[in-house]
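A.B. asks: Hey, dropping data_36.tsv in here, TSV, C-alpha atoms:
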chain	number	residue	atom	x	y	z
A	1	MET	CA	0.00	0.00	0.00
A	2	LYS	CA	1.30	3.45	-0.91
A	3	GLN	CA	2.33	5.48	2.13
A	4	ILE	CA	0.30	8.64	2.74
A	5	THR	CA	0.94	11.65	4.95
A	6	LEU	CA	-1.92	13.11	6.97
A	7	ASN	CA	-2.25	16.61	8.38
A	8	THR	CA	-3.96	15.88	11.71
A	9	GLU	CA	-4.93	19.56	12.13
A	10	HIS	CA	-7.43	19.06	9.33
A	11	ILE	CA	-8.76	15.67	10.42
A	12	GLY	CA	-11.60	15.16	12.88
A	13	ARG	CA	-12.32	11.59	13.87
A	14	MET	CA	-10.43	8.84	12.09
A	15	LEU	CA	-10.70	5.07	12.48
A	16	VAL	CA	-7.95	2.75	11.31
A	17	GLY	CA	-8.40	-0.99	11.05
A	18	VAL	CA	-5.17	-2.46	12.43
A	19	LYS	CA	-3.88	-5.65	10.86
A	20	THR	CA	-2.52	-8.30	13.22
A	21	PRO	CA	-1.15	-11.81	12.84
A	22	ILE	CA	-3.73	-14.59	13.09
A	23	ILE	CA	-4.49	-14.75	16.82
A	24	GLN	CA	-4.37	-18.19	18.38
A	25	THR	CA	-4.94	-19.60	21.85
A	26	GLY	CA	-2.20	-18.61	24.27
A	27	ASP	CA	-0.90	-15.70	22.20
A	28	PRO	CA	0.23	-12.60	24.17
A	29	LEU	CA	-2.59	-10.44	22.82
A	30	ILE	CA	-1.67	-7.29	24.72
A	31	GLN	CA	1.82	-7.19	23.28
A	32	ILE	CA	0.59	-8.16	19.82
A	33	GLY	CA	-2.01	-5.39	19.97
A	34	ILE	CA	0.48	-2.73	21.06
A	35	ASN	CA	3.04	-3.74	18.43
A	36	SER	CA	0.43	-3.93	15.67
A	37	CYS	CA	-0.87	-0.44	16.49
A	38	LEU	CA	2.64	0.99	16.40
A	39	LYS	CA	3.29	-0.57	13.01
A	40	ALA	CA	0.08	1.01	11.72
A	41	VAL	CA	0.25	4.52	13.19
A	42	LYS	CA	3.98	4.88	14.17
A	43	HIS	CA	3.27	6.39	17.61
A	44	PHE	CA	0.42	6.58	20.09
A	45	HIS	CA	-1.71	9.72	20.20
A	46	THR	CA	-3.00	11.22	23.43
A	47	ASN	CA	-6.65	10.23	24.03
A	48	ALA	CA	-6.68	7.79	21.15
A	49	VAL	CA	-9.05	4.84	21.57
A	50	ILE	CA	-7.81	1.30	20.95
A	51	ALA	CA	-10.69	-1.12	20.44
A	52	PHE	CA	-10.20	-4.91	20.46
A	53	THR	CA	-12.93	-7.12	19.05
A	54	GLU	CA	-14.15	-9.57	21.67
A	55	ALA	CA	-13.43	-12.51	19.37
A	56	VAL	CA	-9.65	-12.21	19.51
A	57	VAL	CA	-9.71	-11.74	23.28
A	58	ALA	CA	-11.74	-14.95	23.64
A	59	ILE	CA	-9.54	-16.81	21.14
A	60	ALA	CA	-6.34	-15.79	22.93
A	61	GLN	CA	-7.91	-17.02	26.18
A	62	GLY	CA	-8.97	-20.29	24.54
A	63	ASN	CA	-12.53	-19.67	25.70
A	64	TYR	CA	-14.27	-22.46	23.79
A	65	ALA	CA	-16.95	-25.01	24.55
A	66	SER	CA	-17.37	-28.37	22.84
A	67	PRO	CA	-20.70	-30.12	22.23
A	68	GLU	CA	-19.81	-32.44	25.10
A	69	ASP	CA	-19.32	-29.47	27.42
A	70	ILE	CA	-22.76	-28.12	26.51
A	71	GLN	CA	-24.31	-31.55	27.01
A	72	ALA	CA	-22.69	-31.99	30.43
A	73	ASP	CA	-24.07	-28.68	31.70
A	74	ILE	CA	-27.52	-29.33	30.23
A	75	ALA	CA	-27.58	-32.70	31.99
A	76	ARG	CA	-26.53	-31.00	35.23
A	77	LYS	CA	-29.16	-28.26	34.97
A	78	PHE	CA	-31.95	-30.65	33.85
A	79	PRO	CA	-31.10	-33.96	35.55
A	80	GLY	CA	-33.03	-36.99	34.34
A	81	GLN	CA	-35.18	-35.00	31.92
A	82	SER	CA	-36.23	-36.26	28.49
A	83	ASP	CA	-37.49	-33.01	26.95
A	84	ILE	CA	-36.48	-29.37	26.87
A	85	THR	CA	-37.85	-26.15	25.42
A	86	LEU	CA	-35.76	-23.41	23.80
A	87	LEU	CA	-37.76	-20.20	24.03
A	88	PHE	CA	-37.27	-17.47	21.41
A	89	PRO	CA	-33.91	-18.36	19.84
A	90	ILE	CA	-32.74	-16.11	17.02
A	91	GLN	CA	-32.64	-17.38	13.45
A	92	SER	CA	-28.88	-17.68	13.06
A	93	ARG	CA	-26.78	-20.64	11.99
A	94	ASN	CA	-23.60	-18.98	13.24
A	95	ARG	CA	-25.01	-17.74	16.53
A	96	PHE	CA	-27.29	-20.54	17.60
A	97	MET	CA	-27.53	-23.80	15.66
A	98	ASN	CA	-24.66	-25.60	17.41
A	99	ILE	CA	-26.64	-25.38	20.67
A	100	PRO	CA	-29.68	-27.46	19.58
A	101	ARG	CA	-27.33	-29.77	17.68
A	102	ALA	CA	-25.45	-30.52	20.89
A	103	ILE	CA	-28.66	-31.04	22.87
A	104	ALA	CA	-30.14	-33.28	20.18
A	105	ALA	CA	-27.09	-35.56	20.41
A	106	MET	CA	-27.94	-36.36	24.06
A	107	ASP	CA	-29.48	-39.86	24.26
A	108	GLU	CA	-31.69	-38.92	27.21
A	109	ILE	CA	-33.30	-35.98	25.39
A	110	LYS	CA	-36.15	-37.27	23.24
A	111	ARG	CA	-37.85	-33.99	22.29
A	112	ILE	CA	-36.72	-30.39	21.84
A	113	ASN	CA	-39.45	-27.77	21.62
A	114	ILE	CA	-38.32	-24.76	19.61
A	115	VAL	CA	-40.56	-21.72	20.17
A	116	LEU	CA	-39.97	-19.10	17.47
A	117	GLN	CA	-41.31	-15.56	17.53
A	118	TYR	CA	-43.19	-14.17	14.55
A	119	PRO	CA	-43.31	-12.14	12.32
A	120	CYS	CA	-39.59	-11.84	13.20
A	121	ASP	CA	-37.16	-12.79	15.92
A	122	GLU	CA	-35.62	-10.46	18.48
A	123	VAL	CA	-33.00	-9.05	16.11
A	124	GLY	CA	-35.28	-8.73	13.08
A	125	ASN	CA	-34.86	-11.95	11.08
A	126	ARG	CA	-38.25	-12.34	9.42
A	127	LEU	CA	-40.50	-15.33	8.88
A	128	ILE	CA	-43.20	-13.17	7.30
A	129	SER	CA	-43.71	-9.52	6.41
A	130	ASP	CA	-45.78	-7.18	8.55
A	131	GLU	CA	-48.10	-6.64	5.59
A	132	ALA	CA	-48.76	-10.36	5.17
A	133	LEU	CA	-49.41	-10.75	8.88
A	134	MET	CA	-51.79	-7.78	9.02
A	135	THR	CA	-53.95	-9.13	6.17
A	136	SER	CA	-53.92	-12.73	7.45
A	137	GLY	CA	-56.47	-12.36	10.23
A	138	VAL	CA	-53.94	-13.79	12.67
A	139	ASN	CA	-53.69	-12.35	16.19
A	140	PRO	CA	-49.92	-12.45	16.89
A	141	TYR	CA	-50.49	-11.92	20.63
A	142	GLU	CA	-52.55	-15.09	20.98
A	143	ASP	CA	-52.35	-17.39	17.96
A	144	ILE	CA	-49.96	-20.34	18.13
A	145	PHE	CA	-48.87	-22.45	15.16
A	146	THR	CA	-47.17	-25.78	14.68
A	147	ALA	CA	-44.69	-25.92	11.81
A	148	SER	CA	-47.19	-27.69	9.55
A	149	ASP	CA	-49.95	-25.21	10.47
A	150	TRP	CA	-47.60	-22.33	9.61
A	151	TYR	CA	-46.76	-23.80	6.21
A	152	GLN	CA	-50.44	-24.25	5.41
A	153	HIS	CA	-51.31	-20.72	6.50
A	154	PHE	CA	-48.29	-18.77	5.18
A	155	ASP	CA	-46.23	-21.13	3.01
A	156	LYS	CA	-42.49	-21.63	3.59
A	157	PRO	CA	-40.46	-18.63	4.79
A	158	HIS	CA	-37.25	-17.62	3.03
A	159	HIS	CA	-34.68	-15.46	4.78
A	160	ILE	CA	-34.04	-12.25	2.86
A	161	PHE	CA	-30.26	-12.80	2.67
A	162	THR	CA	-29.64	-16.55	2.97
A	163	GLY	CA	-32.87	-17.85	1.44
A	164	LYS	CA	-33.05	-20.36	4.30
A	165	ASP	CA	-36.26	-21.61	5.85
A	166	TYR	CA	-35.35	-21.37	9.52
A	167	ILE	CA	-38.23	-23.56	10.64
A	168	GLU	CA	-36.60	-26.28	8.58
A	169	GLU	CA	-33.11	-25.31	9.79
A	170	PHE	CA	-34.13	-25.89	13.41
A	171	GLN	CA	-35.75	-29.19	12.50
A	172	LEU	CA	-32.54	-30.32	10.79
A	173	ALA	CA	-30.38	-29.16	13.69
A	174	CYS	CA	-32.44	-31.23	16.13
A	175	ASN	CA	-32.05	-34.39	14.05
A	176	GLY	CA	-35.68	-35.51	14.19
A	177	LYS	CA	-36.28	-34.44	17.79
A	178	ALA	CA	-37.67	-30.96	17.06
A	179	ASN	CA	-41.17	-29.76	17.78
A	180	VAL	CA	-41.17	-26.29	16.22
A	181	VAL	CA	-43.87	-23.94	17.48
A	182	LEU	CA	-44.50	-20.32	16.47
A	183	ALA	CA	-45.80	-18.13	19.27
A	184	ASN	CA	-45.20	-14.78	20.95
A	185	ASP	CA	-46.50	-15.50	24.45
A	186	PRO	CA	-43.76	-16.93	26.70
A	187	LYS	CA	-46.42	-18.82	28.64
A	188	SER	CA	-47.08	-20.91	25.52
A	189	VAL	CA	-44.30	-23.20	26.81
A	190	CYS	CA	-46.33	-24.22	29.86
A	191	ASP	CA	-48.09	-27.13	28.17
A	192	MET	CA	-44.99	-28.29	26.28
A	193	SER	CA	-42.40	-28.95	28.95
A	194	LYS	CA	-41.41	-28.10	32.51
A	195	ASN	CA	-37.82	-27.56	31.35
A	196	VAL	CA	-37.10	-24.24	29.64
A	197	ILE	CA	-34.05	-22.34	28.43
A	198	VAL	CA	-34.95	-18.71	27.73
A	199	CYS	CA	-32.87	-17.57	24.75
A	200	THR	CA	-34.00	-13.91	24.75
A	201	ILE	CA	-30.88	-11.75	24.36
A	202	ARG	CA	-31.78	-8.39	25.91
A	203	GLU	CA	-31.55	-8.65	29.68
A	204	GLY	CA	-34.75	-6.77	30.54
A	205	LYS	CA	-36.93	-8.89	28.25
A	206	ARG	CA	-35.11	-12.03	29.39
A	207	LYS	CA	-36.04	-11.40	33.02
A	208	LEU	CA	-39.63	-10.62	32.04
A	209	HIS	CA	-39.95	-13.84	30.06
A	210	LYS	CA	-38.61	-15.88	32.98
A	211	GLN	CA	-41.14	-14.27	35.32
A	212	GLN	CA	-43.98	-15.02	32.91
A	213	ILE	CA	-43.00	-18.69	32.65
A	214	TYR	CA	-42.81	-19.06	36.41
A	215	GLN	CA	-46.46	-18.02	36.50
A	216	CYS	CA	-47.17	-21.45	35.00
A	217	GLY	CA	-46.27	-23.11	38.31
A	218	ASN	CA	-43.53	-23.67	40.84
A	219	ASP	CA	-42.52	-26.92	39.19
A	220	MET	CA	-41.13	-25.10	36.13
A	221	ARG	CA	-37.35	-25.44	35.75
A	222	VAL	CA	-36.24	-22.25	33.95
A	223	PHE	CA	-32.74	-21.13	32.97
A	224	THR	CA	-31.44	-18.66	30.40
A	225	LEU	CA	-28.51	-19.07	28.02
A	226	ALA	CA	-26.52	-17.01	30.54
A	227	ASP	CA	-26.84	-19.92	32.97
A	228	ILE	CA	-25.42	-22.53	30.58
A	229	LEU	CA	-21.60	-22.74	30.81
A	230	ASN	CA	-21.42	-19.84	33.22
A	231	GLU	CA	-18.72	-21.87	34.94
A	232	SER	CA	-16.20	-24.38	33.65
A	233	ILE	CA	-17.35	-27.95	33.06
A	234	ASN	CA	-14.46	-30.43	33.20
A	235	GLY	CA	-11.96	-27.73	32.20
A	236	SER	CA	-14.14	-26.19	29.47
A	237	GLY	CA	-14.33	-22.53	28.57
A	238	TYR	CA	-17.05	-20.51	30.26
A	239	SER	CA	-18.50	-17.03	30.60
A	240	PRO	CA	-19.63	-16.03	34.13
A	241	GLU	CA	-21.82	-13.16	32.91
A	242	TYR	CA	-23.12	-14.42	29.58
A	243	GLY	CA	-22.88	-18.20	29.40
A	244	LEU	CA	-23.78	-19.15	25.83
A	245	TYR	CA	-25.00	-15.68	24.88
A	246	GLY	CA	-22.81	-14.08	22.24
A	247	SER	CA	-21.28	-17.40	21.21
A	248	ASN	CA	-20.12	-18.06	17.66
A	249	MET	CA	-19.90	-21.26	15.66
A	250	MET	CA	-16.43	-22.79	15.34
A	251	ALA	CA	-15.22	-26.04	13.77
A	252	ASN	CA	-16.34	-29.49	14.97
A	253	GLY	CA	-19.51	-28.25	16.64
A	254	CYS	CA	-17.61	-26.06	19.11
A	255	LEU	CA	-18.58	-22.58	20.20
A	256	LYS	CA	-16.41	-19.56	20.92
A	257	LEU	CA	-17.77	-17.96	24.07
A	258	MET	CA	-17.64	-14.33	25.14
A	259	PRO	CA	-14.24	-13.48	26.69
A	260	ARG	CA	-13.66	-13.20	30.43
A	261	ASP	CA	-11.97	-10.51	32.54
A	262	CYS	CA	-12.27	-7.82	29.86
A	263	GLN	CA	-12.09	-4.92	32.31
A	264	GLN	CA	-8.78	-6.23	33.62
A	265	PHE	CA	-7.57	-6.64	30.02
A	266	VAL	CA	-8.33	-3.06	28.92
A	267	GLU	CA	-6.79	-1.56	32.04
A	268	GLU	CA	-3.62	-3.58	31.51
A	269	VAL	CA	-3.32	-2.40	27.89
A	270	GLN	CA	-3.79	1.21	29.02
A	271	ALA	CA	-1.24	0.82	31.83
A	272	GLN	CA	1.41	-0.73	29.59
A	273	ILE	CA	1.12	2.02	26.96
A	274	MET	CA	1.45	4.67	29.67
A	275	LYS	CA	4.39	2.86	31.29
A	276	TYR	CA	6.43	2.21	28.15
A	277	TYR	CA	5.33	5.07	25.86
A	278	GLY	CA	4.14	7.78	28.26
A	279	VAL	CA	0.87	8.32	26.41
A	280	HIS	CA	-2.65	8.19	27.83
A	281	VAL	CA	-5.03	6.20	25.66
A	282	GLU	CA	-8.46	4.68	26.24
A	283	VAL	CA	-9.07	1.00	25.54
A	284	MET	CA	-12.18	-1.11	25.04
A	285	VAL	CA	-13.27	-4.62	24.09
A	286	TYR	CA	-16.28	-4.49	21.78
A	287	GLY	CA	-18.82	-6.98	20.52
A	288	ASP	CA	-21.57	-6.38	18.01
A	289	GLY	CA	-22.32	-2.84	17.00
A	290	ALA	CA	-25.81	-1.49	17.62
A	291	PHE	CA	-26.88	-0.73	14.05
A	292	LYS	CA	-29.75	-1.88	11.85
A	293	ASP	CA	-29.49	-3.06	8.26
A	294	PRO	CA	-31.83	-0.92	6.14
A	295	VAL	CA	-32.58	-3.68	3.61
A	296	GLY	CA	-33.25	-6.69	5.82
A	297	GLU	CA	-34.22	-4.61	8.87
A	298	ILE	CA	-31.97	-6.85	10.96
A	299	TRP	CA	-30.14	-5.56	14.02
A	300	GLU	CA	-26.46	-6.38	14.15
A	301	LEU	CA	-26.61	-6.53	17.96
A	302	ALA	CA	-26.88	-10.29	18.58
A	303	ASP	CA	-24.46	-10.04	21.50
A	304	PRO	CA	-26.02	-9.30	24.90
A	305	ILE	CA	-23.92	-6.13	25.16
A	306	SER	CA	-21.85	-3.99	22.78
A	307	THR	CA	-18.93	-3.35	25.15
A	308	LEU	CA	-17.39	-5.94	27.45
A	309	GLY	CA	-14.75	-3.73	29.02
A	310	ALA	CA	-13.75	-0.05	28.75
A	311	THR	CA	-11.37	2.27	30.54
A	312	SER	CA	-12.82	5.12	32.57
A	313	GLY	CA	-12.49	7.86	29.92
A	314	LEU	CA	-15.07	6.10	27.76
A	315	ARG	CA	-17.86	6.25	30.33
A	316	GLY	CA	-20.84	8.51	29.80
A	317	THR	CA	-22.30	10.25	26.77
A	318	PRO	CA	-20.78	12.69	24.27
A	319	GLU	CA	-21.15	16.33	25.29
A	320	GLU	CA	-21.92	17.85	21.92
A	321	VAL	CA	-23.91	20.71	20.46
A	322	LYS	CA	-25.62	20.71	17.08
A	323	LEU	CA	-23.26	22.56	14.77
A	324	LYS	CA	-25.64	22.95	11.83
A	325	PHE	CA	-28.43	24.31	14.06
A	326	LEU	CA	-26.17	26.95	15.61
A	327	ALA	CA	-24.66	27.82	12.24
A	328	SER	CA	-28.13	28.35	10.73
A	329	GLN	CA	-29.15	30.42	13.73
A	330	HIS	CA	-26.26	32.83	13.09
A	331	ALA	CA	-26.08	32.57	9.32
A	332	GLY	CA	-25.16	36.24	8.82
A	333	LEU	CA	-21.91	35.98	10.80
A	334	SER	CA	-18.48	34.93	9.60
A	335	SER	CA	-17.22	31.37	10.08
A	336	ALA	CA	-14.80	32.56	12.77
A	337	GLU	CA	-17.60	34.30	14.68
A	338	ILE	CA	-19.85	31.25	14.45
A	339	GLU	CA	-17.02	29.04	15.72
A	340	LYS	CA	-16.74	31.24	18.83
A	341	ILE	CA	-20.48	30.94	19.43
A	342	ILE	CA	-20.31	27.17	19.04
A	343	ALA	CA	-17.39	26.98	21.48
A	344	LYS	CA	-19.32	29.03	24.04
A	345	ALA	CA	-22.47	26.94	23.59
A	346	LYS	CA	-20.48	23.76	24.09
A	347	LYS	CA	-18.86	25.11	27.24
A	348	GLU	CA	-22.32	25.95	28.63
A	349	ARG	CA	-23.68	22.57	27.55
A	350	ILE	CA	-20.93	20.78	29.50
A	351	ALA	CA	-21.24	23.04	32.55
A	352	ASN	CA	-25.01	22.62	32.75
A	353	ALA	CA	-25.16	18.97	31.58
A	354	ASP	CA	-27.89	20.18	29.22
A	355	ILE	CA	-29.39	17.51	26.96
A	356	THR	CA	-32.71	19.25	26.28
A	357	GLY	CA	-31.75	22.72	25.03
A	358	GLU	CA	-32.02	23.74	21.39
A	359	ALA	CA	-28.24	23.66	20.94
A	360	SER	CA	-28.13	19.94	21.78
A	361	LEU	CA	-31.21	18.85	19.82
A	362	GLY	CA	-30.36	15.98	17.50
A	363	THR	CA	-27.28	14.96	19.52
A	364	THR	CA	-28.94	11.94	21.10
A	365	PRO	CA	-27.20	11.13	24.39
A	366	ARG	CA	-26.11	7.59	23.57
A	367	GLN	CA	-23.31	5.95	25.52
A	368	LYS	CA	-19.85	6.61	24.09
A	369	THR	CA	-19.07	2.91	24.27
A	370	ASP	CA	-22.11	1.99	22.14
A	371	ILE	CA	-21.20	4.57	19.50
A	372	ILE	CA	-17.54	3.53	19.36
A	373	ALA	CA	-18.41	-0.20	19.36
A	374	SER	CA	-20.73	0.33	16.38
A	375	ALA	CA	-18.11	2.30	14.48
A	376	ALA	CA	-15.38	-0.21	15.33
A	377	ASP	CA	-17.54	-3.19	14.37
A	378	LEU	CA	-18.28	-1.66	10.98
A	379	THR	CA	-14.58	-0.94	10.51
A	380	SER	CA	-13.25	-4.36	11.46
A	381	GLY	CA	-16.07	-6.38	9.92
A	382	SER	CA	-16.49	-10.10	10.53
A	383	GLY	CA	-14.85	-11.50	7.42
A	384	ASP	CA	-11.24	-11.84	6.30
A	385	GLN	CA	-10.01	-8.27	6.71
A	386	GLN	CA	-7.71	-9.42	9.54
A	387	THR	CA	-8.19	-6.14	11.42
A	388	PRO	CA	-9.47	-7.21	14.86
A	389	ILE	CA	-8.15	-3.99	16.42
A	390	VAL	CA	-9.42	-0.52	15.55
A	391	TYR	CA	-7.33	2.54	16.35
A	392	ILE	CA	-9.45	5.69	16.73
A	393	MET	CA	-8.10	9.25	16.74
A	394	GLY	CA	-9.99	12.45	17.40
A	395	TYR	CA	-13.09	11.02	19.05
A	396	LEU	CA	-12.23	12.28	22.53
A	397	ASP	CA	-10.55	15.54	21.44
Show how you would write the structure in this file as structure tokens.

C.D. replies:
Amino acid sequence: MKQITLNTEHIGRMLVGVKTPIIQTGDPLIQIGINSCLKAVKHFHTNAVIAFTEAVVAIAQGNYASPEDIQADIARKFPGQSDITLLFPIQSRNRFMNIPRAIAAMDEIKRINIVLQYPCDEVGNRLISDEALMTSGVNPYEDIFTASDWYQHFDKPHHIFTGKDYIEEFQLACNGKANVVLANDPKSVCDMSKNVIVCTIREGKRKLHKQQIYQCGNDMRVFTLADILNESINGSGYSPEYGLYGSNMMANGCLKLMPRDCQQFVEEVQAQIMKYYGVHVEVMVYGDGAFKDPVGEIWELADPISTLGATSGLRGTPEEVKLKFLASQHAGLSSAEIEKIIAKAKKERIANADITGEASLGTTPRQKTDIIASAADLTSGSGDQQTPIVYIMGYLD
């Protein structure tokens, strides 16, 4: 690549995808990350943000689970049971299908109830369009379908990007043990099984769905994906906070879990850069960005959280004013005069913590970590770019 020279005085925010070697289990990721950043940007910049994708942190830790690990914890959580219900899993081969495959391989499990939401799952993967549902006469708050009933009523679904019928995909994953049901009421599981794993990703909804199921009776045995492999099973990987949430498909039926001890990791990276290079940077470990695809209407955020660890300078929300509003309000002034007004308005905005005044309208007070995670995720991608670290300049200036 041809070398370019940048005049940082004329650059606002800039994100650089940093190439690294292929990260493997046991690799010294902190040192690799520091060295890779220096090769990319030559020297560290004060208040730069260094963002590591959660995948390479987990890989360096060797935080994996095999099908046997999943089976052992399922057997421990549901001892002696022959059936199990998976409530509201998302339609994702990468994110989810190795879980029912592992459960289906257990001899003692004879039936797996898969309860899918409609018209779409939690992150927006559709089984049917809103228009088709509205004209069908179906009440989505009450009506429950078996797979065959759904096919008769709506025909086979086809995912907008993959073309897959995810009702069929779940049936295949369960190897003849699947009972696929389409429903939106969590209490629909009550007549299916006393053994339930709530797969809802967002924590608030997850807790609500557990509470609703417990209304079915005290004999219900209810866990969430956060409870499965939340501790090591026979030396397996594990995630204390997230269990199987945020896992990704790997070879041989294994799953990569969310990394552990991310706060300790980011603080160590920050401390080493200060110690050896004398520069203060902020560091984070990010998962999925929080953005929505405009074509498929699918949310990228299939992880339970966008940021798994962040140094203290990344806490809170941006303290910004709306430049174009203030510029239009003082359109008759020179650029230099308008810049002074903007600087004063920003100073007042920070001093008063004002998020409702006209000058801040349109600067939605999102968390810095969510904004940076989304930008970093779009920069690094999930393919073969080999840029699992994103170096960000100008964001905190």

A.B. asks: Neighbours of His43 of chain A within 12 Å (only C-alpha atoms; same-chain residues fewer than 4 positions away dropped), as a PyMOL selection string?

C.D. replies: chain A and resi 34-39+48+273+276-281+391+393

A.B. asks: Using only C-alpha atoms, which protein or nucleic acid residues come within 7 Å of Ala302 of chain A? Drop anything in the same chain fewer than 2 positions from it, and give the result as a list in words.

C.D. replies: Val123, Gly246, Asp288, Glu300 and Pro304 of chain A

A.B. asks: In terms of the shortest atom-to-atom distance over only C-alpha atoms, which of A:Phe88, A:Gly316, A:Val283, A:Gly296 is closest to Lys205 of chain A?

C.D. replies: A:Phe88

A.B. asks: I want to know what sits within 9 Å of Cys216 of chain A, based on all atoms listed in the file, with residues of the same chain fewer than 2 positions away left out; could you give that as a list in words?

C.D. replies: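 My reading of the contact set: Lys187, Val189, Cys190, Asp191, Gln212, Ile213, Tyr214, Asn218, Asp219 and Met220 of chain A.
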
A.B. asks: Atom CA of Cys120 of chain A and atom CA of Ser148 of chain A are how many Å apart?

C.D. replies: 18.0 Å

A.B. asks: I'd like to know which of A:Ala226, A:Ala132, A:Val16, A:Ile341 is closest to Gln329 of chain A, using only C-alpha atoms.

C.D. replies: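 Looking at the shortest contact to Gln329 of chain A, the residue is A:Ile341.
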
A.B. asks: Mind pulling up the distance from atom CA of Arg101 of chain A to atom CA of Lys194 of chain A?

C.D. replies: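 Atom-to-atom, atom CA of Lys194 of chain A and atom CA of Arg101 of chain A are spaced 20.5 Å apart.
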